[in-house]
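This is entry-v2.cif (mmCIF, C-alpha atoms).
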data_upload
#
loop_
_atom_site.label_atom_id
_atom_site.label_comp_id
_atom_site.auth_asym_id
_atom_site.auth_seq_id
_atom_site.Cartn_x
_atom_site.Cartn_y
_atom_site.Cartn_z
CA MET A 124 -115.57 9.29 91.36
CA THR A 125 -113.46 11.28 88.95
CA PHE A 126 -114.07 14.79 87.64
CA ARG A 127 -115.12 13.30 84.31
CA LYS A 128 -117.82 11.21 86.00
CA TYR A 129 -119.24 14.32 87.69
CA LEU A 130 -119.28 15.92 84.22
CA VAL A 131 -121.36 12.98 82.90
CA LEU A 132 -123.81 13.39 85.83
CA ALA A 133 -124.03 17.13 85.08
CA GLY A 134 -124.73 16.17 81.46
CA VAL A 135 -127.62 13.92 82.58
CA ALA A 136 -129.24 16.84 84.44
CA ILE A 137 -128.52 19.58 81.87
CA PHE A 138 -129.41 17.63 78.71
CA SER A 139 -132.72 16.34 80.12
CA ALA A 140 -133.77 19.78 81.37
CA ALA A 141 -132.74 21.60 78.18
CA GLY A 142 -134.20 18.88 75.92
CA ASP A 143 -137.57 18.90 77.70
CA SER A 144 -137.71 22.71 77.62
CA LEU A 145 -136.96 22.85 73.86
CA LEU A 146 -139.55 20.13 73.13
CA ALA A 147 -142.18 22.00 75.16
CA ARG A 148 -141.30 25.24 73.34
CA GLY A 149 -141.59 23.53 69.96
CA MET A 150 -144.88 21.79 70.74
CA ARG A 151 -146.35 25.17 71.68
CA ASP A 152 -145.88 26.23 68.02
CA LEU A 153 -147.64 23.11 66.79
CA GLY A 154 -150.70 23.24 69.02
CA SER A 155 -152.53 20.16 70.25
CA ILE A 156 -152.28 16.98 68.24
CA SER A 157 -155.30 14.68 68.20
CA LEU A 158 -155.25 10.93 67.77
CA ASN A 159 -156.74 11.08 64.25
CA ASN A 160 -154.09 13.56 63.16
CA LEU A 161 -151.01 11.53 64.04
CA SER A 162 -149.11 12.41 60.85
CA SER A 163 -148.51 15.89 62.26
CA LEU A 164 -146.55 14.18 65.07
CA ILE A 165 -144.06 12.95 62.46
CA LEU A 166 -143.86 16.38 60.84
CA ALA A 167 -143.20 17.84 64.31
CA ILE A 168 -139.52 16.91 64.00
CA LEU A 169 -139.23 19.48 61.18
CA ASN A 170 -139.79 22.17 63.79
CA PRO A 171 -136.28 23.43 64.73
CA TRP A 172 -137.12 23.59 68.47
CA VAL A 173 -138.37 20.01 68.46
CA ALA A 174 -135.40 18.79 66.40
CA CYS A 175 -132.89 20.40 68.80
CA GLY A 176 -134.88 19.04 71.75
CA ILE A 177 -134.69 15.50 70.36
CA LEU A 178 -130.92 15.84 69.79
CA LEU A 179 -130.45 16.97 73.41
CA LEU A 180 -132.63 14.11 74.69
CA LEU A 181 -130.44 11.66 72.74
CA ALA A 182 -127.42 13.23 74.47
CA PHE A 183 -129.29 12.80 77.78
CA PHE A 184 -129.93 9.12 77.06
CA ALA A 185 -126.26 8.52 76.17
CA SER A 186 -125.00 10.18 79.35
CA TYR A 187 -127.69 8.43 81.45
CA MET A 188 -126.64 5.02 80.09
CA SER A 189 -122.98 5.90 80.64
CA ALA A 190 -123.65 6.91 84.25
CA LEU A 191 -125.63 3.71 84.91
CA SER A 192 -122.66 1.67 83.70
CA TRP A 193 -120.54 2.79 86.69
CA ALA A 194 -123.00 4.03 89.33
CA ASP A 195 -126.07 2.77 91.19
CA LEU A 196 -129.53 3.63 89.87
CA THR A 197 -130.33 5.17 93.28
CA TYR A 198 -127.24 7.39 92.84
CA VAL A 199 -127.93 8.54 89.26
CA LEU A 200 -131.67 9.23 89.63
CA PRO A 201 -131.42 11.96 92.31
CA ALA A 202 -128.67 13.60 90.24
CA SER A 203 -130.96 13.65 87.22
CA SER A 204 -133.62 15.47 89.27
CA LEU A 205 -131.25 18.47 89.52
CA GLY A 206 -132.53 19.23 86.02
CA TYR A 207 -135.81 20.47 87.56
CA VAL A 208 -133.80 22.85 89.74
CA LEU A 209 -131.83 24.09 86.72
CA VAL A 210 -135.05 24.83 84.80
CA ALA A 211 -136.47 26.80 87.73
CA LEU A 212 -133.23 28.76 88.20
CA ALA A 213 -133.04 29.48 84.46
CA ALA A 214 -136.66 30.70 84.57
CA ARG A 215 -135.92 32.95 87.56
CA PHE A 216 -132.54 34.40 86.62
CA GLY A 217 -132.44 33.89 82.85
CA PHE A 218 -136.00 34.82 81.90
CA HIS A 219 -136.97 36.78 85.05
CA GLU A 220 -140.08 34.67 85.66
CA ALA A 221 -141.54 34.50 89.15
CA VAL A 222 -140.78 31.33 91.11
CA SER A 223 -143.45 30.50 93.71
CA PRO A 224 -142.54 29.75 97.37
CA ALA A 225 -143.65 26.10 96.86
CA ARG A 226 -141.09 25.79 94.07
CA TRP A 227 -138.31 27.28 96.22
CA ILE A 228 -139.12 24.65 98.88
CA GLY A 229 -139.04 22.02 96.12
CA ILE A 230 -135.60 23.28 95.03
CA ALA A 231 -134.36 23.04 98.62
CA LEU A 232 -135.70 19.48 99.07
CA ILE A 233 -134.20 18.22 95.79
CA THR A 234 -130.84 19.85 96.52
CA ALA A 235 -130.77 18.33 100.02
CA GLY A 236 -131.68 14.89 98.63
CA VAL A 237 -128.96 15.05 95.97
CA GLY A 238 -126.45 16.22 98.59
CA PHE A 239 -127.28 13.25 100.84
CA VAL A 240 -126.71 10.75 98.03
CA ALA A 241 -123.65 12.46 96.56
CA ALA A 242 -121.92 12.38 99.95
CA GLY A 243 -122.09 8.56 99.92
CA PRO A 244 -120.54 5.98 97.61
CA SER A 245 -121.62 5.86 93.95
CA LEU A 246 -121.59 2.06 93.71
CA THR A 247 -122.72 -0.09 96.64
CA HIS A 248 -123.09 -3.56 95.19
CA SER A 249 -120.35 -5.65 93.70
CA HIS A 250 -121.02 -7.00 90.27
CA LYS A 251 -118.80 -9.14 88.12
CA LEU A 252 -117.32 -7.03 85.36
CA PRO A 253 -117.09 -8.53 81.88
CA ASP A 254 -113.66 -10.14 81.47
CA ASP A 255 -112.36 -7.74 78.86
CA VAL A 256 -113.05 -4.70 81.00
CA THR A 257 -110.69 -5.86 83.72
CA SER A 258 -108.05 -7.65 81.65
CA HIS A 259 -105.31 -5.75 79.89
CA SER A 260 -104.17 -8.58 77.70
CA GLU A 261 -106.83 -8.38 75.03
CA VAL A 262 -106.02 -7.09 71.60
CA ARG A 263 -107.52 -3.66 70.95
CA LEU A 264 -110.20 -3.85 68.26
CA MET B 10 -164.78 7.03 87.23
CA LYS B 11 -162.50 9.39 85.36
CA GLU B 12 -160.45 9.78 88.52
CA ALA B 13 -160.05 6.00 88.78
CA TYR B 14 -158.79 5.90 85.19
CA THR B 15 -156.29 8.67 85.91
CA TRP B 16 -154.89 6.89 88.97
CA ALA B 17 -154.75 3.60 87.06
CA ALA B 18 -152.76 5.36 84.35
CA ILE B 19 -150.47 6.93 86.98
CA ALA B 20 -149.90 3.45 88.46
CA LEU B 21 -149.08 2.15 84.98
CA ILE B 22 -146.58 5.00 84.43
CA VAL B 23 -144.88 4.32 87.78
CA ILE B 24 -144.69 0.55 87.21
CA SER B 25 -143.46 0.76 83.61
CA SER B 26 -140.89 3.50 84.14
CA THR B 27 -139.53 1.78 87.26
CA THR B 28 -139.31 -1.48 85.30
CA GLY B 29 -137.53 0.40 82.50
CA ASP B 30 -135.02 2.04 84.85
CA ILE B 31 -134.26 -1.27 86.59
CA LEU B 32 -133.79 -3.12 83.27
CA LEU B 33 -131.61 -0.36 81.75
CA SER B 34 -129.49 -0.15 84.89
CA HIS B 35 -129.10 -3.94 84.92
CA ALA B 36 -128.16 -3.91 81.23
CA MET B 37 -125.49 -1.22 81.70
CA LYS B 38 -123.98 -3.08 84.67
CA GLN B 39 -123.64 -6.10 82.36
CA VAL B 40 -122.01 -3.94 79.71
CA GLY B 41 -119.51 -2.62 82.26
CA ASP B 42 -117.92 0.81 82.71
CA VAL B 43 -118.33 2.32 79.24
CA SER B 44 -115.47 4.82 79.58
CA GLU B 45 -113.07 1.94 80.38
CA LEU B 46 -114.50 -0.11 77.54
CA TRP B 47 -114.22 2.83 75.13
CA LYS B 48 -110.60 3.48 76.12
CA ARG B 49 -109.60 -0.16 75.64
CA HIS B 50 -111.67 -1.23 72.65
CA GLY B 51 -113.05 1.88 70.96
CA PHE B 52 -116.49 3.41 70.46
CA TRP B 53 -118.01 0.70 68.26
CA LYS B 54 -117.26 -1.99 70.82
CA VAL B 55 -119.34 -0.01 73.33
CA ILE B 56 -122.24 0.29 70.87
CA GLY B 57 -121.98 -3.38 69.94
CA ARG B 58 -121.90 -4.46 73.59
CA VAL B 59 -124.96 -2.34 74.48
CA LEU B 60 -126.95 -3.52 71.44
CA SER B 61 -126.19 -7.19 72.19
CA THR B 62 -127.63 -6.92 75.72
CA PRO B 63 -131.24 -8.18 75.65
CA THR B 64 -132.30 -6.37 78.85
CA PHE B 65 -131.41 -3.06 77.14
CA PHE B 66 -134.21 -3.58 74.59
CA LEU B 67 -136.65 -4.78 77.27
CA GLY B 68 -135.84 -1.59 79.17
CA LEU B 69 -136.48 0.52 76.07
CA ILE B 70 -139.85 -1.19 75.55
CA ALA B 71 -140.81 -0.50 79.19
CA MET B 72 -139.80 3.15 78.75
CA GLY B 73 -141.95 3.31 75.60
CA VAL B 74 -144.93 1.93 77.55
CA ALA B 75 -144.28 4.56 80.26
CA PHE B 76 -144.19 7.35 77.66
CA TYR B 77 -147.49 6.32 76.03
CA SER B 78 -149.23 5.80 79.37
CA LEU B 79 -148.14 9.33 80.27
CA LEU B 80 -149.73 10.61 77.05
CA PHE B 81 -152.96 8.73 77.83
CA ALA B 82 -152.97 9.88 81.45
CA LEU B 83 -152.55 13.47 80.30
CA SER B 84 -155.55 13.12 78.00
CA TRP B 85 -157.72 12.05 80.97
CA GLY B 86 -156.30 13.81 83.97
CA ASP B 87 -154.90 17.18 84.95
CA LEU B 88 -151.31 17.98 84.12
CA SER B 89 -150.88 19.29 87.67
CA LEU B 90 -151.85 15.91 89.15
CA VAL B 91 -150.41 13.41 86.65
CA VAL B 92 -146.87 14.79 86.28
CA PRO B 93 -145.97 15.40 89.96
CA ALA B 94 -147.73 12.24 91.17
CA SER B 95 -146.07 9.92 88.64
CA ALA B 96 -142.62 11.55 88.85
CA SER B 97 -142.41 11.52 92.63
CA LEU B 98 -143.92 8.03 93.08
CA THR B 99 -141.40 6.74 90.51
CA PHE B 100 -138.50 8.00 92.66
CA VAL B 101 -139.77 6.13 95.70
CA ALA B 102 -140.66 2.99 93.72
CA ASN B 103 -137.18 2.99 92.17
CA ALA B 104 -135.50 3.10 95.59
CA PHE B 105 -137.35 -0.05 96.70
CA ALA B 106 -137.00 -1.81 93.34
CA ALA B 107 -133.25 -1.08 93.19
CA ARG B 108 -132.82 -2.69 96.62
CA LEU B 109 -134.96 -5.69 95.69
CA PHE B 110 -133.81 -6.41 92.13
CA LEU B 111 -130.42 -4.72 91.71
CA HIS B 112 -129.24 -5.46 95.29
CA GLU B 113 -128.12 -1.87 95.75
CA ARG B 114 -127.58 -0.97 99.39
CA VAL B 115 -130.38 1.51 99.88
CA GLY B 116 -129.74 2.52 103.45
CA ARG B 117 -131.45 5.20 105.50
CA ARG B 118 -129.44 7.90 103.71
CA ARG B 119 -130.59 6.93 100.21
CA LEU B 120 -134.18 6.22 101.26
CA LEU B 121 -134.38 9.64 102.91
CA ALA B 122 -132.85 11.19 99.78
CA ALA B 123 -135.45 9.45 97.58
CA LEU B 124 -138.25 10.81 99.79
CA LEU B 125 -136.77 14.35 99.77
CA VAL B 126 -136.33 14.32 95.99
CA ALA B 127 -139.84 12.87 95.50
CA GLY B 128 -141.32 15.63 97.69
CA GLY B 129 -139.25 18.27 95.91
CA VAL B 130 -140.23 17.07 92.44
CA ALA B 131 -143.90 17.04 93.44
CA LEU B 132 -143.64 20.66 94.67
CA MET B 133 -141.76 21.76 91.54
CA ALA B 134 -144.31 20.31 89.14
CA ILE B 135 -147.44 21.71 90.83
#
Do you think you could lay out the structure here as structure tokens?
Amino acid sequence: MTFRKYLVLAGVAIFSAAGDSLLARGMRDLGSISLNNLSSLILAILNPWVACGILLLLAFFASYMSALSWADLTYVLPASSLGYVLVALAARFGFHEAVSPARWIGIALITAGVGFVAAGPSLTHSHKLPDDVTSHSEVRL
Amino acid sequence: MKEAYTWAAIALIVISSTTGDILLSHAMKQVGDVSELWKRHGFWKVIGRVLSTPTFFLGLIAMGVAFYSLLFALSWGDLSLVVPASASLTFVANAFAARLFLHERVGRRRLLAALLVAGGVALMAI
């Protein structure tokens, strides 16, 4: 695990949390969308909150796919759950919202779980890499 | 009856999002370490390699099914039941599925971590 790989894992957590929060904020402007009014779902991307949220979720997907290319699913998933913790901490210290005792316990459980996994190896099964990833002889495209 | 529908939808969310995660993880392992690939062959080679992996698209479809079943579940059931139940059950399901299908070594440490995270996520979402 290099520093850059930890950065990618941080990206997975931060982008998903920030993207979800922006989407939720944007959808609050739009109100509820019923099944016979689906066109408003397409217009929803014109809302700046929703548009930024979608951009961040694309960044989440890119970093998630990148992390899965070099780490186990059972390593990446707990890391991604740190996003929930980040949202709660942002709500408490950024927006001065109250965080209930149940949520503090949740934060502790998630943090402990992530710590358990992060202390172990990131990749536990051997898989055959595609030839051009391991060989140096190929011509650069 | 409504409760049965909600739990059926939760089961569908858990199954489809676990399937999606397993397929996407499998696809990216076939692609190989993308930072290595990017360094050696450039950005477009990475994109081309990902887009030519069939399991990537199957994974995307499964994720789409999960997203729409979440929307349907939310239209029947309570937010405070559907979100924590499906999110935490997905963590546990993924731990077992990763051992079974991806042959990841999910030892006591990772299984315990999955249970802790699942419990934590459930508490956070209530």
Compile the residues of chain B that lie within 9 Å of chain A, evaluated using only C-alpha atoms, and express the compilation as a short mmCIF file (atom, residue, chain, number, x, y, z; two decimals) with C-alpha atoms, in the frame of the given file.
data_model
loop_
_atom_site.label_atom_id
_atom_site.label_comp_id
_atom_site.auth_asym_id
_atom_site.auth_seq_id
_atom_site.Cartn_x
_atom_site.Cartn_y
_atom_site.Cartn_z
CA ASP B 30 -135.02 2.04 84.85
CA ILE B 31 -134.26 -1.27 86.59
CA LEU B 33 -131.61 -0.36 81.75
CA SER B 34 -129.49 -0.15 84.89
CA HIS B 35 -129.10 -3.94 84.92
CA ALA B 36 -128.16 -3.91 81.23
CA MET B 37 -125.49 -1.22 81.70
CA LYS B 38 -123.98 -3.08 84.67
CA GLN B 39 -123.64 -6.10 82.36
CA VAL B 40 -122.01 -3.94 79.71
CA GLY B 41 -119.51 -2.62 82.26
CA ASP B 42 -117.92 0.81 82.71
CA VAL B 43 -118.33 2.32 79.24
CA SER B 44 -115.47 4.82 79.58
CA GLU B 45 -113.07 1.94 80.38
CA LEU B 46 -114.50 -0.11 77.54
CA ARG B 49 -109.60 -0.16 75.64
CA HIS B 50 -111.67 -1.23 72.65
CA GLY B 51 -113.05 1.88 70.96
CA LYS B 54 -117.26 -1.99 70.82
CA PHE B 100 -138.50 8.00 92.66
CA ASN B 103 -137.18 2.99 92.17
CA ALA B 104 -135.50 3.10 95.59
CA ALA B 107 -133.25 -1.08 93.19
CA ARG B 108 -132.82 -2.69 96.62
CA LEU B 111 -130.42 -4.72 91.71
CA HIS B 112 -129.24 -5.46 95.29
CA GLU B 113 -128.12 -1.87 95.75
CA ARG B 114 -127.58 -0.97 99.39
CA VAL B 115 -130.38 1.51 99.88
CA ARG B 118 -129.44 7.90 103.71
CA ARG B 119 -130.59 6.93 100.21
CA LEU B 120 -134.18 6.22 101.26
CA LEU B 121 -134.38 9.64 102.91
CA ALA B 122 -132.85 11.19 99.78
CA ALA B 123 -135.45 9.45 97.58
CA LEU B 124 -138.25 10.81 99.79
CA LEU B 125 -136.77 14.35 99.77
CA VAL B 126 -136.33 14.32 95.99
CA ALA B 127 -139.84 12.87 95.50
CA GLY B 128 -141.32 15.63 97.69
CA GLY B 129 -139.25 18.27 95.91
CA VAL B 130 -140.23 17.07 92.44
CA ALA B 131 -143.90 17.04 93.44
CA LEU B 132 -143.64 20.66 94.67
CA MET B 133 -141.76 21.76 91.54
CA ALA B 134 -144.31 20.31 89.14
CA ILE B 135 -147.44 21.71 90.83
#
Legend entry - CA of Ile165 (chain A) to CA of Asp152 (chain A), straight-line distance in Å: 14.5 Å
Inset, instruction - Please identify all polymer residues within 10 Å of Leu90 (chain B), counting only C-alpha atoms, omitting same-chain residues fewer than 2 positions from it, and present them as a list in words. - result: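 Answer for this query is Thr15, Trp16, Ile19, Ala82, Leu83, Gly86, Asp87, Leu88, Val92, Pro93, Ala94, Ser95, Ala131, Ala134 and Ile135 of chain B.
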Please return the centre and edge lengths, in Å to one decimal, of a box with edges along x, y and z that contains all listed atoms of region 37-51 of chain B, widened by 8 Å on every side, as AutoDock Vina command-line options.
--center_x -117.5 --center_y -0.6 --center_z 77.8 --size_x 31.9 --size_y 26.9 --size_z 29.7
Inset, instruction - May I ask which of the residues A:Ser245, A:Ser203, A:Thr125, A:Asn170 is the closest one to Ser186 (chain A), counting only C-alpha atoms? - result: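 Comparing A:Ser245, A:Ser203, A:Thr125, A:Asn170 against Ser186 (chain A), the winner is A:Ser203.
In this structure, CA of Ala133 (chain A) sits 18.2 Å away from CA of Ile177 (chain A).
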Legend entry - Exercise: residues within 6 Å of coordinate (-150.4, 7.8, 83.9), counting only C-alpha atoms, as a list in words: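 I get Ala18, Ile19, Leu21, Ile22, Ser78, Leu79 and Ala82 of chain B for the residues within 6 Å of that point.
Taking CA of Arg151 (chain A) as the reference point, CA of Ile24 (chain B) is found at 29.2 Å.
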Inset, instruction - Go through A:Ala221, A:Ala185, A:Leu130, A:Leu179 one by one, measure the shortest atom-to-atom distance of each to Asp143 (chain A) using only C-alpha atoms, and give the residue with the smallest value. - result: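 So, comparing all the options, the nearest one is A:Leu179.
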Legend entry - Result set of the PyMOL selection byres ((chain B and resi 25) around 8) on the coordinates above, as a PyMOL selection string: chain B and resi 21-24+26-29+71-72+74-75
Taking the file above as input, evaluate the PyMOL selection byres ((chain B and resi 63) around 12) and report the hits as a PDB file with C-alpha atoms, keeping the file's coordinate frame.
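Result file is out.pdb:
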ATOM      1  CA  LEU B  32    -133.790  -3.120  83.270  1.00  0.00           C
ATOM      2  CA  LEU B  33    -131.610  -0.360  81.750  1.00  0.00           C
ATOM      3  CA  HIS B  35    -129.100  -3.940  84.920  1.00  0.00           C
ATOM      4  CA  ALA B  36    -128.160  -3.910  81.230  1.00  0.00           C
ATOM      5  CA  MET B  37    -125.490  -1.220  81.700  1.00  0.00           C
ATOM      6  CA  GLN B  39    -123.640  -6.100  82.360  1.00  0.00           C
ATOM      7  CA  VAL B  40    -122.010  -3.940  79.710  1.00  0.00           C
ATOM      8  CA  GLY B  57    -121.980  -3.380  69.940  1.00  0.00           C
ATOM      9  CA  ARG B  58    -121.900  -4.460  73.590  1.00  0.00           C
ATOM     10  CA  VAL B  59    -124.960  -2.340  74.480  1.00  0.00           C
ATOM     11  CA  LEU B  60    -126.950  -3.520  71.440  1.00  0.00           C
ATOM     12  CA  SER B  61    -126.190  -7.190  72.190  1.00  0.00           C
ATOM     13  CA  THR B  62    -127.630  -6.920  75.720  1.00  0.00           C
ATOM     14  CA  THR B  64    -132.300  -6.370  78.850  1.00  0.00           C
ATOM     15  CA  PHE B  65    -131.410  -3.060  77.140  1.00  0.00           C
ATOM     16  CA  PHE B  66    -134.210  -3.580  74.590  1.00  0.00           C
ATOM     17  CA  LEU B  67    -136.650  -4.780  77.270  1.00  0.00           C
ATOM     18  CA  GLY B  68    -135.840  -1.590  79.170  1.00  0.00           C
ATOM     19  CA  LEU B  69    -136.480   0.520  76.070  1.00  0.00           C
ATOM     20  CA  ILE B  70    -139.850  -1.190  75.550  1.00  0.00           C
TER      21      ILE B  70
END
Inset, instruction - Just say which residues the PyMOL selection byres ((chain A and resi 139) around 8) picks in this file, as a PyMOL selection string. - result: chain A and resi 135-138+140-143+179-180+183+203+206
